[in-house]
>>> print(open('input-v5.pdb').read())   # PDB, C-alpha atoms
MODEL        1
ATOM      1  CA  MET P   1     -58.491 -10.132 -11.554
ATOM      2  CA  LEU P   2     -55.903 -11.819  -9.415
ATOM      3  CA  LYS P   3     -57.048 -13.885  -6.505
ATOM      4  CA  ARG P   4     -54.756 -14.268  -3.420
ATOM      5  CA  ALA P   5     -54.611 -17.829  -2.096
ATOM      6  CA  PHE P   6     -53.035 -18.713   1.198
ATOM      7  CA  GLY P   7     -51.407 -22.047   1.988
ATOM      8  CA  THR P   8     -51.990 -23.623   5.350
ATOM      9  CA  THR P   9     -48.756 -25.493   6.057
ATOM     10  CA  ASN P  10     -45.870 -23.108   5.286
ATOM     11  CA  TYR P  11     -45.094 -19.622   4.140
ATOM     12  CA  HIS P  12     -43.407 -20.807   0.944
ATOM     13  CA  GLN P  13     -46.742 -22.303  -0.217
ATOM     14  CA  HIS P  14     -48.252 -18.816  -0.631
ATOM     15  CA  TYR P  15     -48.815 -17.857  -4.270
ATOM     16  CA  TYR P  16     -50.750 -15.637  -6.698
ATOM     17  CA  GLN P  17     -53.145 -17.388  -9.055
ATOM     18  CA  GLY P  18     -54.424 -15.722 -12.209
ATOM     19  CA  ALA P  19     -56.957 -16.704 -14.834
ATOM     20  CA  ALA P  20     -54.246 -18.478 -16.841
ATOM     21  CA  GLY P  21     -53.187 -20.436 -13.801
ATOM     22  CA  TRP P  22     -49.553 -19.147 -13.601
ATOM     23  CA  LYS P  23     -47.924 -18.721 -10.203
ATOM     24  CA  ILE P  24     -45.284 -16.298  -8.840
ATOM     25  CA  ARG P  25     -43.859 -16.577  -5.362
ATOM     26  CA  PRO P  26     -43.796 -12.957  -4.089
ATOM     27  CA  CYS P  27     -40.755 -13.485  -1.808
ATOM     28  CA  TYR P  28     -38.559 -14.430  -4.787
ATOM     29  CA  GLY P  29     -39.656 -11.422  -6.806
ATOM     30  CA  PHE P  30     -38.810  -9.105  -3.913
ATOM     31  CA  LEU P  31     -35.350 -10.664  -3.484
ATOM     32  CA  ILE P  32     -34.627 -10.305  -7.194
ATOM     33  CA  LEU P  33     -35.624  -6.637  -7.009
ATOM     34  CA  ILE P  34     -33.224  -6.057  -4.084
ATOM     35  CA  ILE P  35     -30.324  -7.826  -5.847
ATOM     36  CA  LEU P  36     -30.859  -5.835  -9.037
ATOM     37  CA  SER P  37     -31.002  -2.578  -7.057
ATOM     38  CA  ILE P  38     -27.707  -3.350  -5.281
ATOM     39  CA  ALA P  39     -26.034  -4.281  -8.580
ATOM     40  CA  ILE P  40     -27.167  -0.995 -10.169
ATOM     41  CA  ILE P  41     -25.903   1.035  -7.182
ATOM     42  CA  LEU P  42     -22.489  -0.702  -7.243
ATOM     43  CA  PHE P  43     -22.175  -0.215 -10.993
ATOM     44  CA  ALA P  44     -23.041   3.487 -10.681
ATOM     45  CA  TRP P  45     -20.536   3.927  -7.834
ATOM     46  CA  ASN P  46     -17.726   2.357  -9.862
ATOM     47  CA  MET P  47     -18.583   4.507 -12.886
ATOM     48  CA  ILE P  48     -18.526   7.668 -10.749
ATOM     49  CA  CYS P  49     -15.162   6.735  -9.263
ATOM     50  CA  GLY P  50     -13.762   5.985 -12.685
ATOM     51  CA  LEU P  51     -12.539   2.514 -11.676
ATOM     52  CA  PRO P  52     -12.910  -0.734 -13.628
ATOM     53  CA  THR P  53     -15.954  -2.658 -12.425
ATOM     54  CA  THR P  54     -14.171  -6.005 -12.730
ATOM     55  CA  THR P  55     -11.218  -5.211 -10.441
ATOM     56  CA  LEU P  56     -11.516  -5.599  -6.695
ATOM     57  CA  LEU P  57      -8.504  -4.764  -4.549
ATOM     58  CA  PRO P  58      -7.983  -6.559  -1.248
ATOM     59  CA  SER P  59      -8.433  -4.478   1.864
ATOM     60  CA  PHE P  60      -5.502  -3.902   4.200
ATOM     61  CA  ASP P  61      -7.083  -6.349   6.650
ATOM     62  CA  GLN P  62      -7.063  -9.003   3.931
ATOM     63  CA  ILE P  63      -3.394  -8.399   3.214
ATOM     64  CA  GLY P  64      -2.604  -8.512   6.923
ATOM     65  CA  ARG P  65       0.150  -6.689   8.767
ATOM     66  CA  ASP P  66       2.275  -9.787   9.307
ATOM     67  CA  GLU P  67       1.973 -10.812   5.660
ATOM     68  CA  LEU P  68       2.891  -7.300   4.533
ATOM     69  CA  MET P  69       6.053  -7.381   6.610
ATOM     70  CA  MET P  70       6.940 -10.800   5.212
ATOM     71  CA  ASN P  71       6.380  -9.451   1.696
ATOM     72  CA  GLN P  72       8.680  -6.546   2.419
ATOM     73  CA  SER P  73      11.492  -8.175   4.301
ATOM     74  CA  GLY P  74      11.196 -11.947   4.096
ATOM     75  CA  GLY P  75      11.263 -12.093   7.867
ATOM     76  CA  PRO P  76      11.563  -9.978  11.023
ATOM     77  CA  SER P  77      14.315  -7.362  11.494
ATOM     78  CA  GLY P  78      17.657  -8.927  10.659
ATOM     79  CA  ARG P  79      18.557 -10.916   7.576
ATOM     80  CA  THR P  80      16.182 -12.189   4.933
ATOM     81  CA  LYS P  81      15.610 -15.887   4.343
ATOM     82  CA  ASP P  82      18.173 -15.823   1.542
ATOM     83  CA  GLY P  83      20.806 -14.290   3.819
ATOM     84  CA  ARG P  84      20.645 -10.682   2.603
ATOM     85  CA  HIS P  85      21.033  -7.818   5.066
ATOM     86  CA  ILE P  86      17.870  -5.768   5.579
ATOM     87  CA  VAL P  87      18.180  -2.010   5.118
ATOM     88  CA  GLU P  88      15.135  -0.153   6.451
ATOM     89  CA  ILE P  89      14.778   3.380   5.096
ATOM     90  CA  TYR P  90      12.473   5.636   7.132
ATOM     91  CA  TYR P  91      11.849   8.654   4.910
ATOM     92  CA  GLU P  92       9.339  11.157   3.544
ATOM     93  CA  VAL P  93       9.056  11.983  -0.125
ATOM     94  CA  LEU P  94       9.613  15.772  -0.091
ATOM     95  CA  CYS P  95      12.317  15.900   2.573
ATOM     96  CA  PRO P  96      15.561  17.121   0.894
ATOM     97  CA  ASP P  97      17.707  14.805   3.051
ATOM     98  CA  SER P  98      15.431  11.838   2.282
ATOM     99  CA  ARG P  99      15.547  12.530  -1.435
ATOM    100  CA  TYR P 100      19.325  12.873  -1.382
ATOM    101  CA  PHE P 101      19.791   9.587   0.465
ATOM    102  CA  VAL P 102      17.413   7.621  -1.771
ATOM    103  CA  LYS P 103      19.189   8.943  -4.873
ATOM    104  CA  GLU P 104      22.535   7.861  -3.392
ATOM    105  CA  PHE P 105      21.172   4.522  -2.196
ATOM    106  CA  ILE P 106      19.750   3.255  -5.504
ATOM    107  CA  PRO P 107      23.021   2.916  -7.474
ATOM    108  CA  VAL P 108      24.566   1.166  -4.458
ATOM    109  CA  TYR P 109      21.573  -1.165  -4.323
ATOM    110  CA  ASN P 110      22.015  -1.945  -8.008
ATOM    111  CA  GLN P 111      25.594  -3.023  -7.267
ATOM    112  CA  LEU P 112      24.852  -4.898  -4.026
ATOM    113  CA  LYS P 113      21.293  -6.199  -4.455
ATOM    114  CA  ASP P 114      22.512  -9.774  -3.907
ATOM    115  CA  PHE P 115      23.632  -8.750  -0.425
ATOM    116  CA  ILE P 116      21.141  -6.102   0.774
ATOM    117  CA  LYS P 117      17.338  -5.948   0.839
ATOM    118  CA  PRO P 118      15.682  -2.509   1.067
ATOM    119  CA  ASN P 119      12.571  -1.905   3.148
ATOM    120  CA  PHE P 120      11.183   1.530   2.332
ATOM    121  CA  VAL P 121       9.017   3.103   5.055
ATOM    122  CA  PRO P 122       7.416   6.293   3.655
ATOM    123  CA  TYR P 123       6.062   8.343   6.548
ATOM    124  CA  GLY P 124       8.746  10.468   8.227
ATOM    125  CA  LYS P 125       7.524  13.067  10.706
ATOM    126  CA  ALA P 126       3.877  12.919   9.668
ATOM    127  CA  THR P 127       0.992  12.569  12.124
ATOM    128  CA  THR P 128      -2.109  10.391  11.818
ATOM    129  CA  THR P 129      -5.616  11.272  13.005
ATOM    130  CA  LYS P 130      -8.608   8.933  13.104
ATOM    131  CA  SER P 131     -12.118  10.402  13.281
ATOM    132  CA  LYS P 132     -15.011   8.988  15.304
ATOM    133  CA  GLU P 133     -16.306   7.516  12.061
ATOM    134  CA  GLY P 134     -12.970   5.743  11.550
ATOM    135  CA  LYS P 135     -11.713   7.941   8.690
ATOM    136  CA  LEU P 136      -7.950   8.454   8.579
ATOM    137  CA  SER P 137      -6.294  11.794   7.843
ATOM    138  CA  PHE P 138      -2.643  12.828   7.820
ATOM    139  CA  SER P 139      -0.543  15.928   8.363
ATOM    140  CA  CYS P 140       2.893  15.847   6.744
ATOM    141  CA  GLN P 141       5.941  17.972   7.385
ATOM    142  CA  HIS P 142       6.060  19.305   3.812
ATOM    143  CA  GLY P 143       2.346  19.628   3.153
ATOM    144  CA  GLU P 144      -0.479  17.752   1.468
ATOM    145  CA  ALA P 145       1.587  16.851  -1.608
ATOM    146  CA  GLU P 146       3.985  14.948   0.633
ATOM    147  CA  CYS P 147       1.119  12.980   2.206
ATOM    148  CA  GLN P 148      -0.109  12.055  -1.270
ATOM    149  CA  GLY P 149       3.387  11.070  -2.362
ATOM    150  CA  ASN P 150       3.906   8.986   0.771
ATOM    151  CA  ILE P 151       0.666   7.114   0.043
ATOM    152  CA  ILE P 152       1.614   6.437  -3.582
ATOM    153  CA  HIS P 153       5.013   5.128  -2.459
ATOM    154  CA  ALA P 154       3.272   2.921   0.123
ATOM    155  CA  CYS P 155       0.889   1.581  -2.523
ATOM    156  CA  ALA P 156       3.748   0.902  -4.953
ATOM    157  CA  ILE P 157       5.688  -1.007  -2.289
ATOM    158  CA  THR P 158       2.631  -3.219  -1.799
ATOM    159  CA  HIS P 159       1.517  -3.690  -5.402
ATOM    160  CA  VAL P 160       4.797  -3.878  -7.353
ATOM    161  CA  ALA P 161       5.916  -7.429  -6.695
ATOM    162  CA  ASP P 162       9.266  -7.165  -8.500
ATOM    163  CA  GLU P 163      11.770  -5.743  -5.998
ATOM    164  CA  VAL P 164      14.061  -4.195  -8.608
ATOM    165  CA  LYS P 165      11.106  -2.537 -10.361
ATOM    166  CA  ALA P 166       9.775  -1.217  -7.046
ATOM    167  CA  VAL P 167      13.160   0.335  -6.217
ATOM    168  CA  GLN P 168      13.365   1.858  -9.697
ATOM    169  CA  TYR P 169       9.857   3.260  -9.290
ATOM    170  CA  ILE P 170      10.667   4.897  -5.945
ATOM    171  CA  GLY P 171      13.869   6.283  -7.437
ATOM    172  CA  CYS P 172      11.955   7.694 -10.396
ATOM    173  CA  MET P 173       9.322   9.360  -8.222
ATOM    174  CA  ILE P 174      11.772  10.749  -5.665
ATOM    175  CA  THR P 175      13.300  13.021  -8.316
ATOM    176  CA  ASN P 176      10.034  14.951  -8.652
ATOM    177  CA  ASN P 177       7.372  14.283  -6.020
ATOM    178  CA  ARG P 178       5.724  17.712  -6.132
ATOM    179  CA  GLU P 179       2.901  16.427  -8.334
ATOM    180  CA  PRO P 180       2.748  12.888  -6.949
ATOM    181  CA  GLU P 181      -0.190  11.551  -8.953
ATOM    182  CA  GLY P 182       1.145  12.783 -12.293
ATOM    183  CA  ILE P 183       4.738  11.682 -11.713
ATOM    184  CA  GLY P 184       3.521   8.398 -10.214
ATOM    185  CA  GLN P 185       1.643   7.547 -13.396
ATOM    186  CA  LYS P 186       4.491   8.683 -15.657
ATOM    187  CA  CYS P 187       7.090   6.632 -13.760
ATOM    188  CA  ALA P 188       4.832   3.583 -13.928
ATOM    189  CA  GLU P 189       4.397   3.976 -17.680
ATOM    190  CA  ASP P 190       8.121   4.569 -18.254
ATOM    191  CA  LEU P 191       9.052   1.459 -16.259
ATOM    192  CA  GLY P 192       6.329  -0.796 -17.650
ATOM    193  CA  ILE P 193       4.538  -1.024 -14.292
ATOM    194  CA  ASN P 194       0.765  -1.428 -14.054
ATOM    195  CA  TRP P 195      -0.461   1.927 -12.711
ATOM    196  CA  THR P 196      -4.071   0.809 -12.083
ATOM    197  CA  PRO P 197      -3.623  -1.065  -8.760
ATOM    198  CA  ILE P 198      -1.348   1.691  -7.430
ATOM    199  CA  TYR P 199      -3.891   4.339  -8.418
ATOM    200  CA  GLN P 200      -6.812   2.411  -6.947
ATOM    201  CA  CYS P 201      -4.888   1.906  -3.715
ATOM    202  CA  PHE P 202      -4.038   5.636  -3.620
ATOM    203  CA  LYS P 203      -7.628   6.743  -4.228
ATOM    204  CA  GLY P 204      -9.223   4.135  -1.971
ATOM    205  CA  THR P 205      -8.969   3.415   1.732
ATOM    206  CA  GLN P 206      -6.127   0.926   1.350
ATOM    207  CA  GLY P 207      -3.572   3.672   0.748
ATOM    208  CA  SER P 208      -4.507   5.461   3.974
ATOM    209  CA  GLU P 209      -4.405   2.196   5.904
ATOM    210  CA  LEU P 210      -0.950   1.435   4.533
ATOM    211  CA  LEU P 211       0.346   4.893   5.421
ATOM    212  CA  LYS P 212      -1.000   4.520   8.966
ATOM    213  CA  PHE P 213       0.779   1.171   9.177
ATOM    214  CA  TYR P 214       4.065   2.773   8.121
ATOM    215  CA  GLY P 215       3.424   5.473  10.688
ATOM    216  CA  ASP P 216       3.022   2.809  13.369
ATOM    217  CA  LEU P 217       6.326   1.249  12.260
ATOM    218  CA  THR P 218       8.045   4.633  12.393
ATOM    219  CA  HIS P 219       6.706   5.432  15.871
ATOM    220  CA  SER P 220       7.668   1.983  17.153
ATOM    221  CA  LEU P 221      11.378   2.497  16.434
ATOM    222  CA  ARG P 222      13.653   2.450  19.481
ATOM    223  CA  PRO P 223      15.470   4.712  19.921
ATOM    224  CA  LYS P 224      12.746   7.001  18.600
ATOM    225  CA  VAL P 225      13.159   8.782  15.291
ATOM    226  CA  SER P 226      14.762  12.199  15.727
ATOM    227  CA  PHE P 227      15.990  12.728  12.174
ATOM    228  CA  ILE P 228      14.612  11.843   8.755
ATOM    229  CA  PRO P 229      15.845   9.830   7.013
ATOM    230  CA  THR P 230      16.716   7.205   9.599
ATOM    231  CA  ILE P 231      18.422   4.058   8.333
ATOM    232  CA  VAL P 232      18.187   0.742  10.186
ATOM    233  CA  ILE P 233      20.523  -2.075   9.099
ATOM    234  CA  ASP P 234      19.794  -5.563  10.421
ATOM    235  CA  GLY P 235      17.673  -4.012  13.172
ATOM    236  CA  SER P 236      20.359  -1.553  14.355
ATOM    237  CA  GLN P 237      20.458   2.248  14.118
ATOM    238  CA  LYS P 238      24.223   2.436  14.703
ATOM    239  CA  GLY P 239      26.371   4.610  12.458
ATOM    240  CA  GLN P 240      23.710   7.073  11.281
ATOM    241  CA  LYS P 241      26.144   9.883  10.457
ATOM    242  CA  GLU P 242      28.447   7.586   8.507
ATOM    243  CA  ILE P 243      25.533   5.901   6.725
ATOM    244  CA  LEU P 244      24.000   9.176   5.602
ATOM    245  CA  LYS P 245      27.378  10.576   4.562
ATOM    246  CA  ASN P 246      28.520   7.564   2.537
ATOM    247  CA  PHE P 247      26.213   4.551   2.592
ATOM    248  CA  LYS P 248      28.352   2.365   0.345
ATOM    249  CA  SER P 249      31.494   2.939   2.372
ATOM    250  CA  TYR P 250      29.675   2.114   5.605
ATOM    251  CA  VAL P 251      28.038  -1.135   4.457
ATOM    252  CA  CYS P 252      31.192  -2.358   2.733
ATOM    253  CA  SER P 253      33.341  -1.665   5.797
ATOM    254  CA  ASN P 254      30.863  -2.862   8.414
ATOM    255  CA  THR P 255      27.752  -4.757   7.265
ATOM    256  CA  LEU P 256      29.480  -6.631   4.438
ATOM    257  CA  ALA P 257      32.951  -6.865   5.976
ATOM    258  CA  LYS P 258      32.833 -10.675   5.927
ATOM    259  CA  GLU P 259      31.204 -11.089   2.508
ATOM    260  CA  GLN P 260      33.481  -8.556   0.763
ATOM    261  CA  PRO P 261      31.528  -8.261  -2.513
ATOM    262  CA  LYS P 262      33.496  -7.286  -5.602
ATOM    263  CA  ALA P 263      31.485  -4.038  -5.834
ATOM    264  CA  CYS P 264      33.015  -2.991  -2.518
TER     265      CYS P 264
ENDMDL
END
>>> encode(input="input-v5.pdb", output="structure tokens")
Amino acid sequence: MLKRAFGTTNYHQHYYQGAAGWKIRPCYGFLILIILSIAIILFAWNMICGLPTTTLLPSFDQIGRDELMMNQSGGPSGRTKDGRHIVEIYYEVLCPDSRYFVKEFIPVYNQLKDFIKPNFVPYGKATTTKSKEGKLSFSCQHGEAECQGNIIHACAITHVADEVKAVQYIGCMITNNREPEGIGQKCAEDLGINWTPIYQCFKGTQGSELLKFYGDLTHSLRPKVSFIPTIVIDGSQKGQKEILKNFKSYVCSNTLAKEQPKAC
């Protein structure tokens, strides 16, 4: 038989006393039970989702909007800290004109990467809806596959730290975005990029938060976006027709007229 004894000075003096004289503080046992229950629930959730239990991705709030922009551009619209010209590319992954421009842009970037810095903004003419519960959903011009592709591009921009690799990854995916998850993984493997953080971002809430952020950037453009892709160089939308027709010719004749790189 166990006999309950009550202390008189403080709750933490309460104990159970048995015939052998051992003591257990009931509040500690209850806390241990709660902690174990939470650990089991979290482990089961991670197993169901198919994600490694040891990897925790930062939320979008932890990354921060200002920090994300600094990661992308090195500074506000204009030149980067190292003097490169910022080229912002507002696009969507299944738009034929977007795909054509990105394919044309990448070889020029490879030649002029010491002079230009790309900022990819994957959103285009999508719309964002937020439910009462705070859940984000998107409607994209070319269907659900485009929304998924936009999110994977957004996640890659955030989680691939090497600029050249990130550009190569976007170029690889843009050739075949109709099955975004499959081509996203294949491009990552082919380029030696870690697919796991991109995949986790895509499947979790961070990907949706990033896509909403790129939507906010797209909607904040002045003048407003009327055509996708829209290209902004050093904060200016001038010369859209010339840029889309022949990007290299435009930047060499205008943006880089003073620098005159050999590739021009």
>>> residues_around(input="input-v5.pdb", residues="stretch 105-114 of chain P", least_positions_apart="2", cutoff="10 Å", atoms="all atoms listed in the file", output="mmCIF file with C-alpha atoms, in the frame of the given file")
data_model
loop_
_atom_site.group_PDB
_atom_site.id
_atom_site.type_symbol
_atom_site.label_atom_id
_atom_site.label_comp_id
_atom_site.auth_asym_id
_atom_site.auth_seq_id
_atom_site.Cartn_x
_atom_site.Cartn_y
_atom_site.Cartn_z
ATOM 1 C CA ASP P 82 18.173 -15.823 1.542
ATOM 2 C CA GLY P 83 20.806 -14.290 3.819
ATOM 3 C CA ARG P 84 20.645 -10.682 2.603
ATOM 4 C CA HIS P 85 21.033 -7.818 5.066
ATOM 5 C CA ILE P 89 14.778 3.380 5.096
ATOM 6 C CA ARG P 99 15.547 12.530 -1.435
ATOM 7 C CA TYR P 100 19.325 12.873 -1.382
ATOM 8 C CA PHE P 101 19.791 9.587 0.465
ATOM 9 C CA VAL P 102 17.413 7.621 -1.771
ATOM 10 C CA LYS P 103 19.189 8.943 -4.873
ATOM 11 C CA ILE P 116 21.141 -6.102 0.774
ATOM 12 C CA LYS P 117 17.338 -5.948 0.839
ATOM 13 C CA PRO P 118 15.682 -2.509 1.067
ATOM 14 C CA GLU P 163 11.770 -5.743 -5.998
ATOM 15 C CA VAL P 164 14.061 -4.195 -8.608
ATOM 16 C CA VAL P 167 13.160 0.335 -6.217
ATOM 17 C CA GLN P 168 13.365 1.858 -9.697
ATOM 18 C CA ILE P 170 10.667 4.897 -5.945
ATOM 19 C CA GLY P 171 13.869 6.283 -7.437
ATOM 20 C CA LEU P 244 24.000 9.176 5.602
ATOM 21 C CA ASN P 246 28.520 7.564 2.537
ATOM 22 C CA PHE P 247 26.213 4.551 2.592
ATOM 23 C CA LYS P 248 28.352 2.365 0.345
ATOM 24 C CA SER P 249 31.494 2.939 2.372
ATOM 25 C CA VAL P 251 28.038 -1.135 4.457
ATOM 26 C CA CYS P 252 31.192 -2.358 2.733
ATOM 27 C CA LEU P 256 29.480 -6.631 4.438
ATOM 28 C CA PRO P 261 31.528 -8.261 -2.513
ATOM 29 C CA LYS P 262 33.496 -7.286 -5.602
ATOM 30 C CA ALA P 263 31.485 -4.038 -5.834
ATOM 31 C CA CYS P 264 33.015 -2.991 -2.518
#
>>> resolve_selection(input="input-v5.pdb", expression="the PyMOL selection byres ((chain P and resi 214) around 12)", output="MDAnalysis selection string")
chainID P and resid 65 68:69 72 88:92 119:128 150:151 153:155 157:158 207:213 215:221
>>> closest_residue(input="input-v5.pdb", among="P:Ala156, P:Cys201, P:Ile231, P:Leu94", to="P:Asn176", atoms="only C-alpha atoms")
P:Leu94
>>> atom_distance(input="input-v5.pdb", atom1="atom CA of P:Ala145", atom2="atom CA of P:Arg178")
6.2 Å
>>> closest_residue(input="input-v5.pdb", among="P:Gly235, P:Gly134, P:Gly204, P:Gly192", to="P:Ile152", atoms="all atoms listed in the file")
P:Gly204
>>> residues_around(input="input-v5.pdb", residues="P:Val93", least_positions_apart="5", cutoff="7 Å", atoms="only C-alpha atoms", output="list in words")
Ser98, Arg99, Glu146, Gly149, Asn150, Ile174 and Asn177 of chain P
>>> write_last_selection(input="input-v5.pdb", atoms="C-alpha atoms", output="CSV table (one decimal), keeping the file's coordinate frame")
chain,number,residue,atom,x,y,z
P,98,SER,CA,15.4,11.8,2.3
P,99,ARG,CA,15.5,12.5,-1.4
P,146,GLU,CA,4.0,14.9,0.6
P,149,GLY,CA,3.4,11.1,-2.4
P,150,ASN,CA,3.9,9.0,0.8
P,174,ILE,CA,11.8,10.7,-5.7
P,177,ASN,CA,7.4,14.3,-6.0
>>> closest_residue(input="input-v5.pdb", among="P:Lys81, P:Gly182, P:Ser131, P:Leu136", to="P:Gln206", atoms="only C-alpha atoms")
P:Leu136
>>> residues_around(input="input-v5.pdb", residues="P:Arg222", least_positions_apart="6", cutoff="12 Å", atoms="only C-alpha atoms", output="PyMOL selection string")
chain P and resi 230+232+235-238
>>> closest_residue(input="input-v5.pdb", among="P:Glu259, P:Gly239, P:Ile233, P:Ser137", to="P:Arg79", atoms="only C-alpha atoms")
P:Ile233
>>> atom_distance(input="input-v5.pdb", atom1="atom CA of P:Gln200", atom2="atom CA of P:Glu181")
11.5 Å
>>> closest_residue(input="input-v5.pdb", among="P:Gln141, P:Lys165, P:Ile193, P:Phe202", to="P:Pro180", atoms="all atoms listed in the file")
P:Phe202
>>> atom_distance(input="input-v5.pdb", atom1="atom CA of P:Tyr169", atom2="atom CA of P:Ile198")
11.5 Å
>>> closest_residue(input="input-v5.pdb", among="P:Gln240, P:Gln260, P:Thr205, P:Gln148", to="P:Gly184", atoms="all atoms listed in the file")
P:Gln148
>>> axis_aligned_box(input="input-v5.pdb", around="stretch 203-214 of chain P", padding_each_side="6 Å", output="JSON")
{"center_x": -2.6, "center_y": 3.8, "center_z": 2.5, "size_x": 25.3, "size_y": 17.8, "size_z": 25.4}
